[in-house]
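S.K.: Input coords19.cif, format and content: mmCIF, C-alpha atoms.
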data_start
#
loop_
_atom_site.label_atom_id
_atom_site.label_comp_id
_atom_site.auth_asym_id
_atom_site.auth_seq_id
_atom_site.Cartn_x
_atom_site.Cartn_y
_atom_site.Cartn_z
CA MET T 1 -29.86 11.65 2.82
CA GLY T 2 -27.57 14.35 4.14
CA THR T 3 -25.59 11.98 6.33
CA ALA T 4 -25.40 9.05 3.91
CA LEU T 5 -22.00 7.90 2.81
CA ASN T 6 -20.94 9.30 -0.52
CA PRO T 7 -18.32 7.88 -2.94
CA SER T 8 -16.65 11.30 -2.94
CA TYR T 9 -15.69 10.85 0.72
CA PHE T 10 -13.84 7.66 -0.06
CA MET T 11 -12.20 9.20 -3.12
CA VAL T 12 -10.92 12.12 -1.04
CA LEU T 13 -9.65 9.71 1.64
CA SER T 14 -7.91 7.68 -1.04
CA ALA T 15 -6.41 10.82 -2.62
CA ALA T 16 -5.07 11.97 0.78
CA LEU T 17 -3.57 8.53 1.44
CA PHE T 18 -2.01 8.47 -2.04
CA ALA T 19 -0.52 11.95 -1.48
CA ILE T 20 0.95 10.85 1.86
CA GLY T 21 2.45 7.76 0.22
CA LEU T 22 3.91 9.81 -2.62
CA TYR T 23 5.42 12.25 -0.14
CA GLY T 24 7.03 9.34 1.71
CA ALA T 25 8.36 7.80 -1.49
CA LEU T 26 9.92 11.10 -2.58
CA SER T 27 11.29 12.33 0.73
CA ARG T 28 12.84 9.25 2.38
CA LYS T 29 16.42 8.16 2.07
CA ASN T 30 16.04 4.57 3.25
CA ALA T 31 15.11 2.12 0.50
CA ILE T 32 12.83 0.08 2.80
CA ALA T 33 10.93 3.27 3.74
CA VAL T 34 10.35 3.92 0.03
CA LEU T 35 8.94 0.37 -0.33
CA ILE T 36 6.60 1.05 2.62
CA SER T 37 5.43 4.28 0.97
CA ILE T 38 4.70 2.41 -2.27
CA GLU T 39 2.57 -0.03 -0.26
CA ILE T 40 0.60 2.95 1.14
CA MET T 41 -0.03 4.21 -2.40
CA LEU T 42 -1.26 0.78 -3.56
CA THR T 43 -3.59 0.60 -0.55
CA ALA T 44 -5.03 4.00 -1.49
CA VAL T 45 -5.81 2.68 -4.95
CA ASN T 46 -7.54 -0.36 -3.40
CA ILE T 47 -9.82 1.87 -1.30
CA ASN T 48 -10.84 3.70 -4.47
CA LEU T 49 -11.54 0.48 -6.38
CA VAL T 50 -13.66 -1.06 -3.63
CA ALA T 51 -15.59 2.19 -3.00
CA ILE T 52 -16.43 2.62 -6.69
CA ASN T 53 -17.46 -1.03 -6.79
CA LYS T 54 -19.87 -0.59 -3.90
CA PHE T 55 -21.49 2.66 -4.97
CA LEU T 56 -21.59 2.36 -8.76
CA THR T 57 -21.92 -1.34 -9.58
CA PRO T 58 -22.87 -3.26 -6.43
CA GLU T 59 -24.07 -6.31 -8.41
CA ALA T 60 -20.83 -6.89 -10.31
CA PHE T 61 -17.76 -7.51 -8.15
CA ILE T 62 -15.15 -6.40 -10.67
CA GLY T 63 -13.69 -3.71 -8.40
CA GLN T 64 -13.10 -6.21 -5.59
CA ILE T 65 -11.46 -8.63 -8.07
CA PHE T 66 -9.14 -5.81 -9.17
CA ALA T 67 -8.32 -5.04 -5.54
CA ILE T 68 -7.42 -8.70 -4.95
CA PHE T 69 -5.10 -8.68 -7.97
CA VAL T 70 -3.49 -5.45 -6.75
CA ILE T 71 -2.88 -7.05 -3.34
CA THR T 72 -1.30 -10.11 -5.03
CA VAL T 73 1.04 -8.01 -7.15
CA ALA T 74 1.92 -5.82 -4.15
CA ALA T 75 2.88 -8.90 -2.12
CA ALA T 76 5.13 -10.13 -4.95
CA GLU T 77 6.60 -6.63 -5.33
CA VAL T 78 7.50 -6.21 -1.68
CA GLY T 79 9.11 -9.67 -1.54
CA LEU T 80 11.23 -9.07 -4.61
CA GLY T 81 12.04 -5.48 -3.60
CA LEU T 82 13.26 -6.57 -0.16
CA ALA T 83 15.38 -9.30 -1.76
CA ILE T 84 17.01 -6.74 -4.07
CA ILE T 85 17.61 -4.34 -1.17
CA ILE T 86 19.21 -7.12 0.91
CA ALA T 87 21.37 -8.15 -2.06
CA ILE T 88 22.55 -4.55 -2.58
CA TYR T 89 23.18 -4.20 1.17
CA ARG T 90 25.43 -7.26 1.14
CA ASN T 91 27.52 -5.79 -1.66
CA ARG T 92 27.55 -2.13 -0.67
CA HIS T 93 26.73 -2.08 3.08
CA THR T 94 24.21 0.72 2.63
CA VAL T 95 20.47 1.08 2.02
CA ASP T 96 20.68 4.84 1.47
CA LEU T 97 19.17 5.64 -1.92
CA ASP T 98 21.50 8.60 -2.41
CA ASP T 99 24.46 6.21 -2.23
CA PHE T 100 23.15 4.03 -5.06
CA ASN T 101 25.03 6.08 -7.60
CA TRP T 102 27.25 3.62 -9.44
CA MET T 103 25.13 3.81 -12.59
CA LYS T 104 25.36 7.60 -12.58
CA TRP T 105 27.14 9.28 -15.46
CA MET L 1 -29.96 6.41 12.12
CA ASP L 2 -27.89 3.75 10.40
CA ASN L 3 -26.41 6.45 8.18
CA VAL L 4 -25.16 8.40 11.19
CA TYR L 5 -23.36 5.37 12.56
CA SER L 6 -21.72 4.55 9.24
CA LEU L 7 -20.65 8.18 8.84
CA LEU L 8 -19.20 8.14 12.36
CA ALA L 9 -17.37 4.89 11.56
CA PHE L 10 -16.03 6.43 8.35
CA VAL L 11 -14.75 9.53 10.13
CA LEU L 12 -13.04 7.48 12.85
CA LEU L 13 -11.48 5.08 10.32
CA ALA L 14 -10.33 7.94 8.09
CA GLY L 15 -8.69 9.67 11.05
CA MET L 16 -6.99 6.44 12.08
CA ILE L 17 -5.76 5.72 8.54
CA LEU L 18 -4.50 9.23 7.76
CA GLY L 19 -2.94 9.75 11.20
CA SER L 20 -1.03 6.49 11.16
CA ALA L 21 -0.01 7.00 7.51
CA LEU L 22 1.41 10.42 8.41
CA LEU L 23 3.31 8.83 11.29
CA VAL L 24 4.65 6.14 8.92
CA VAL L 25 6.17 8.70 6.56
CA THR L 26 7.43 11.13 9.21
CA LEU L 27 8.87 9.02 12.06
CA ARG L 28 12.63 8.77 12.30
CA ASN L 29 12.73 5.18 13.53
CA LEU L 30 12.04 2.66 10.79
CA VAL L 31 10.73 -0.04 13.16
CA HIS L 32 8.13 2.39 14.52
CA SER L 33 7.17 3.21 10.93
CA VAL L 34 6.48 -0.47 10.22
CA LEU L 35 4.41 -0.82 13.41
CA TRP L 36 2.25 2.19 12.45
CA LEU L 37 1.92 0.68 9.00
CA ILE L 38 0.17 -2.32 10.62
CA VAL L 39 -2.29 0.09 12.31
CA MET L 40 -2.93 1.74 8.95
CA PHE L 41 -3.58 -1.59 7.21
CA ILE L 42 -6.06 -2.64 9.91
CA GLY L 43 -7.85 0.70 9.50
CA VAL L 44 -8.06 0.09 5.75
CA ALA L 45 -9.50 -3.39 6.43
CA GLY L 46 -12.17 -1.68 8.56
CA THR L 47 -12.93 0.64 5.63
CA PHE L 48 -13.35 -2.41 3.38
CA LEU L 49 -15.80 -3.90 5.90
CA LEU L 50 -17.70 -0.60 5.82
CA LEU L 51 -17.83 -0.95 2.03
CA ASN L 52 -19.29 -4.50 2.23
CA ALA L 53 -16.12 -6.08 0.85
CA ASP L 54 -15.69 -8.86 3.42
CA PHE L 55 -13.27 -11.03 1.44
CA VAL L 56 -10.99 -8.11 0.54
CA ALA L 57 -10.96 -7.05 4.20
CA ALA L 58 -9.91 -10.56 5.27
CA VAL L 59 -7.23 -10.69 2.57
CA GLN L 60 -6.03 -7.23 3.62
CA VAL L 61 -5.50 -8.35 7.20
CA LEU L 62 -3.90 -11.67 6.21
CA VAL L 63 -1.61 -10.46 3.44
CA TYR L 64 -0.75 -6.90 4.45
CA ALA L 65 -0.99 -6.71 8.23
CA GLY L 66 0.29 -10.28 8.53
CA ALA L 67 2.72 -11.28 5.81
CA VAL L 68 3.96 -8.02 4.28
CA CYS L 69 4.64 -6.28 7.61
CA ILE L 70 6.46 -9.31 9.04
CA MET L 71 8.54 -9.45 5.85
CA LEU L 72 9.33 -5.72 6.21
CA VAL L 73 10.37 -6.19 9.85
CA PHE L 74 12.73 -8.99 8.80
CA GLY L 75 14.08 -6.77 6.03
CA VAL L 76 14.75 -3.99 8.54
CA MET L 77 16.54 -6.44 10.82
CA LEU L 78 18.71 -7.80 7.99
CA VAL L 79 19.89 -4.36 6.93
CA GLN L 80 20.14 -2.97 10.45
CA ARG L 81 22.14 0.15 11.03
CA PRO L 82 24.26 0.79 14.09
CA ASN L 83 21.77 3.29 15.49
CA MET L 84 18.11 2.53 14.98
CA GLU L 85 17.08 6.00 16.19
CA HIS L 86 18.00 7.68 12.92
CA SER L 87 17.40 4.75 10.60
CA ASN L 88 14.95 6.66 8.42
CA PRO L 89 16.42 10.03 7.41
CA ILE L 90 14.74 12.40 4.99
CA ASN L 91 16.59 13.71 1.98
CA TRP L 92 16.67 17.18 0.45
CA ARG L 93 13.81 16.35 -1.92
CA PHE L 94 11.15 16.78 0.78
CA LYS L 95 11.03 20.50 0.05
CA LEU L 96 10.14 19.60 -3.53
CA ALA L 97 7.81 16.76 -2.55
CA ALA L 98 5.60 18.67 -0.09
CA PRO L 99 4.20 21.26 -2.56
CA LEU L 100 4.01 18.59 -5.26
CA VAL L 101 1.82 16.21 -3.26
CA GLY L 102 -0.20 19.14 -1.88
CA GLY L 103 -0.96 20.26 -5.43
CA LEU L 104 -1.79 16.70 -6.45
CA PHE L 105 -4.23 16.33 -3.55
CA ILE L 106 -5.92 19.64 -4.37
CA VAL L 107 -6.25 18.68 -8.05
CA ILE L 108 -7.75 15.27 -7.23
CA GLY L 109 -10.09 16.87 -4.67
CA LEU L 110 -11.32 19.45 -7.19
CA LEU L 111 -11.83 16.78 -9.85
CA THR L 112 -13.75 14.65 -7.33
CA ALA L 113 -15.93 17.62 -6.39
CA LYS L 114 -16.66 18.37 -10.04
CA SER L 115 -17.29 14.80 -11.18
CA GLN L 116 -20.85 13.57 -11.61
CA LEU L 117 -20.94 10.04 -10.25
CA VAL L 118 -23.89 7.90 -11.29
CA VAL L 119 -24.63 6.26 -7.96
CA SER L 120 -26.69 3.14 -8.43
CA GLY L 121 -29.30 2.93 -5.69
CA GLN L 122 -29.11 -0.86 -5.55
CA GLU L 123 -28.28 -2.66 -2.34
CA VAL L 124 -25.14 -4.75 -2.12
CA PRO L 125 -26.00 -8.47 -2.17
CA ALA L 126 -26.09 -10.00 1.28
CA GLN L 127 -23.41 -12.58 0.49
CA THR L 128 -20.41 -10.86 -0.99
CA VAL L 129 -17.86 -13.67 -0.69
CA GLN L 130 -19.65 -16.37 -2.68
CA ALA L 131 -20.08 -14.11 -5.70
CA LEU L 132 -16.33 -13.69 -6.14
CA ALA L 133 -15.40 -17.27 -7.05
CA PRO L 134 -17.47 -17.60 -10.28
CA ILE L 135 -16.05 -14.31 -11.58
CA LEU L 136 -12.51 -15.27 -10.61
CA LEU L 137 -12.69 -18.71 -12.23
CA ASN L 138 -14.71 -17.85 -15.35
CA ASP L 139 -14.05 -14.39 -16.70
CA PHE L 140 -10.76 -13.79 -14.93
CA VAL L 141 -9.27 -17.28 -15.08
CA ILE L 142 -6.26 -16.24 -17.22
CA PRO L 143 -5.24 -13.30 -14.96
CA PHE L 144 -5.83 -15.60 -11.97
CA GLU L 145 -3.38 -18.20 -13.28
CA VAL L 146 -0.93 -15.49 -14.35
CA ALA L 147 -1.06 -14.07 -10.81
CA ALA L 148 -0.27 -17.55 -9.44
CA ILE L 149 2.72 -17.87 -11.79
CA LEU L 150 3.81 -14.32 -10.90
CA LEU L 151 3.83 -15.12 -7.18
CA THR L 152 5.81 -18.33 -7.73
CA VAL L 153 8.35 -16.65 -10.00
CA ALA L 154 8.72 -13.59 -7.76
CA LEU L 155 9.29 -15.59 -4.56
CA THR L 156 11.66 -18.06 -6.26
CA GLY L 157 13.52 -15.13 -7.77
CA ALA L 158 13.74 -13.41 -4.39
CA LEU L 159 15.18 -16.58 -2.85
CA LEU L 160 17.72 -16.99 -5.65
CA LEU L 161 18.73 -13.31 -5.54
CA VAL L 162 19.48 -13.34 -1.82
CA LYS L 163 21.22 -16.73 -1.89
CA GLU L 164 23.49 -16.03 -4.85
CA VAL L 165 24.75 -12.73 -3.49
CA LYS L 166 25.52 -14.37 -0.16
CA ALA L 167 27.71 -17.00 -1.88
CA ASN L 168 29.61 -14.32 -3.82
CA GLY L 169 29.75 -11.84 -0.97
CA ASN L 170 31.70 -14.17 1.30
CA GLY L 171 34.54 -14.47 -1.19
CA SER L 172 35.12 -10.79 -1.79
#
Take the structure I supplied and represent it as structure tokens, if you would.
M.R.:
Amino acid sequence: MGTALNPSYFMVLSAALFAIGLYGALSRKNAIAVLISIEIMLTAVNINLVAINKFLTPEAFIGQIFAIFVITVAAAEVGLGLAIIIAIYRNRHTVDLDDFNWMKW
Amino acid sequence: MDNVYSLLAFVLLAGMILGSALLVVTLRNLVHSVLWLIVMFIGVAGTFLLLNADFVAAVQVLVYAGAVCIMLVFGVMLVQRPNMEHSNPINWRFKLAAPLVGGLFIVIGLLTAKSQLVVSGQEVPAQTVQALAPILLNDFVIPFEVAAILLTVALTGALLLVKEVKANGNGS
């Protein structure tokens, strides 16, 4: 039993991945890099959902259904986010988040 | 013996995922970041296979490693900078972000260590893909249709957003 997989392992992996994604989202200047970091955070959440589904309720597949919905919403989010970034780039010729300051007081 | 192999697979996959995720958020070249992102998504698909979630693993490879990464590469090409070497600079907030995410990771780790998870000893059913469709089309039929509408609206909106700005941008 000592070597069996434990849900805690997957939760720690998911927490580490979420922390890396959050670091990327906070510390990057490029808007596309921030989108990529948000994708990493959503993937971390998916690992958690599927791991809990396997170890706690293997008969019901609710966690996997949630993961599928998260993937769907993430695909829509990255498509729309890239469209907005491209639209801003065509007006402003920059994707640097620190230059998006025209709504600043 | 089976446990040892699955633990070994978990350690290798976790190293692959965390290493490539660190490269994604630290590399200076945005194209290299997107390429390492594909490696990370394939590692996550391997983790899903380890967790007996075959359909989610297949969807992960198709949607993330396939569609999303290709879309990101096209996005990078459309907003290309003169010099790709420094296309992904870090801002001053990384000094703030590093202790913040370190603290967050420690807090989640401590909570995970303290939590009492009720692990059900049941085996996962042998066929994990067939069981998804009845749930998706009975209990979750409204969210399923809403997700379909969301995808349609989001992609149509993305198309409209890019097209409209192009028409206006040429005149200015």
S.K.: Residues within 10 Å of Ala21 of chain L, please, as a list in words. Count all atoms listed in the file; anything in the same chain fewer than 5 positions from it doesn't count.
M.R.: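 The filter keeps Ala16, Leu17, Phe18, Ile20, Gly21, Gly24, Ser37 and Ile40 of chain T; Gly15, Met16, Thr26, Ser33, Trp36, Leu37, Ile38, Val39, Met40 and Phe41 of chain L.
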S.K.: Can you tell me how far atom CA of His32 of chain L sits from atom CA of Gly102 of chain L, in Å to one decimal?
M.R.: 24.9 Å
S.K.: Report as a VMD selection string the full result of the PyMOL selection byres ((chain L and resi 48) around 10) when it is applied to this structure.
M.R.: (chain T and resid 46 to 47 50 to 51 54 64) or (chain L and resid 42 to 47 49 to 58 60)
S.K.: Considering only C-alpha atoms, return as a VMD selection string whatever protein or nucleic-acid residues lie within 9 Å of segment 138-152 of chain L, sequence-local ones (same chain, fewer than 6 positions apart) excluded.
M.R.: chain T and resid 65 69 72 to 73 75 to 76
S.K.: Which residue out of L:Leu23, L:Val129, L:Val118, L:Leu12 has the minimum interatomic distance to chain T when only C-alpha atoms are used?
M.R.: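 Among L:Leu23, L:Val129, L:Val118, L:Leu12, it is L:Val118 that comes nearest to chain T.
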S.K.: For a test of reading the model, state the distance in Å between atom CA of Val61 of chain L and atom CA of Ala19 of chain T, rounded to one decimal.
M.R.: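 Atom CA of Ala19 of chain T lies at a distance of 22.6 Å from atom CA of Val61 of chain L.
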S.K.: Which value, in Å to one decimal, gives the distance between atom CA of Ser20 of chain L and atom CA of Phe10 of chain T?
M.R.: 17.1 Å
S.K.: Restricting the calculation to all atoms listed in the file, which member of T:Met103, T:Val45, T:Ala74, T:Leu56 is positioned closest to chain L?
M.R.: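 Under the stated criterion, the closest residue is T:Leu56.
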S.K.: Given the file above and the PyMOL selection byres ((chain T and resi 58) around 12), which residues are selected, and can you give them as a PyMOL selection string?
M.R.: (chain T and resi 49-57+59-64) or (chain L and resi 51-53+119-128+131)
S.K.: Give, as AutoDock Vina command-line options, the centre coordinates and the x, y and z edge lengths in Å to one decimal for an axis-aligned box around all listed atoms of segment 25-31 of chain T, padded by 3 Å on each side.
M.R.:
--center_x 12.4 --center_y 7.2 --center_z 0.3 --size_x 14.1 --size_y 16.2 --size_z 11.8
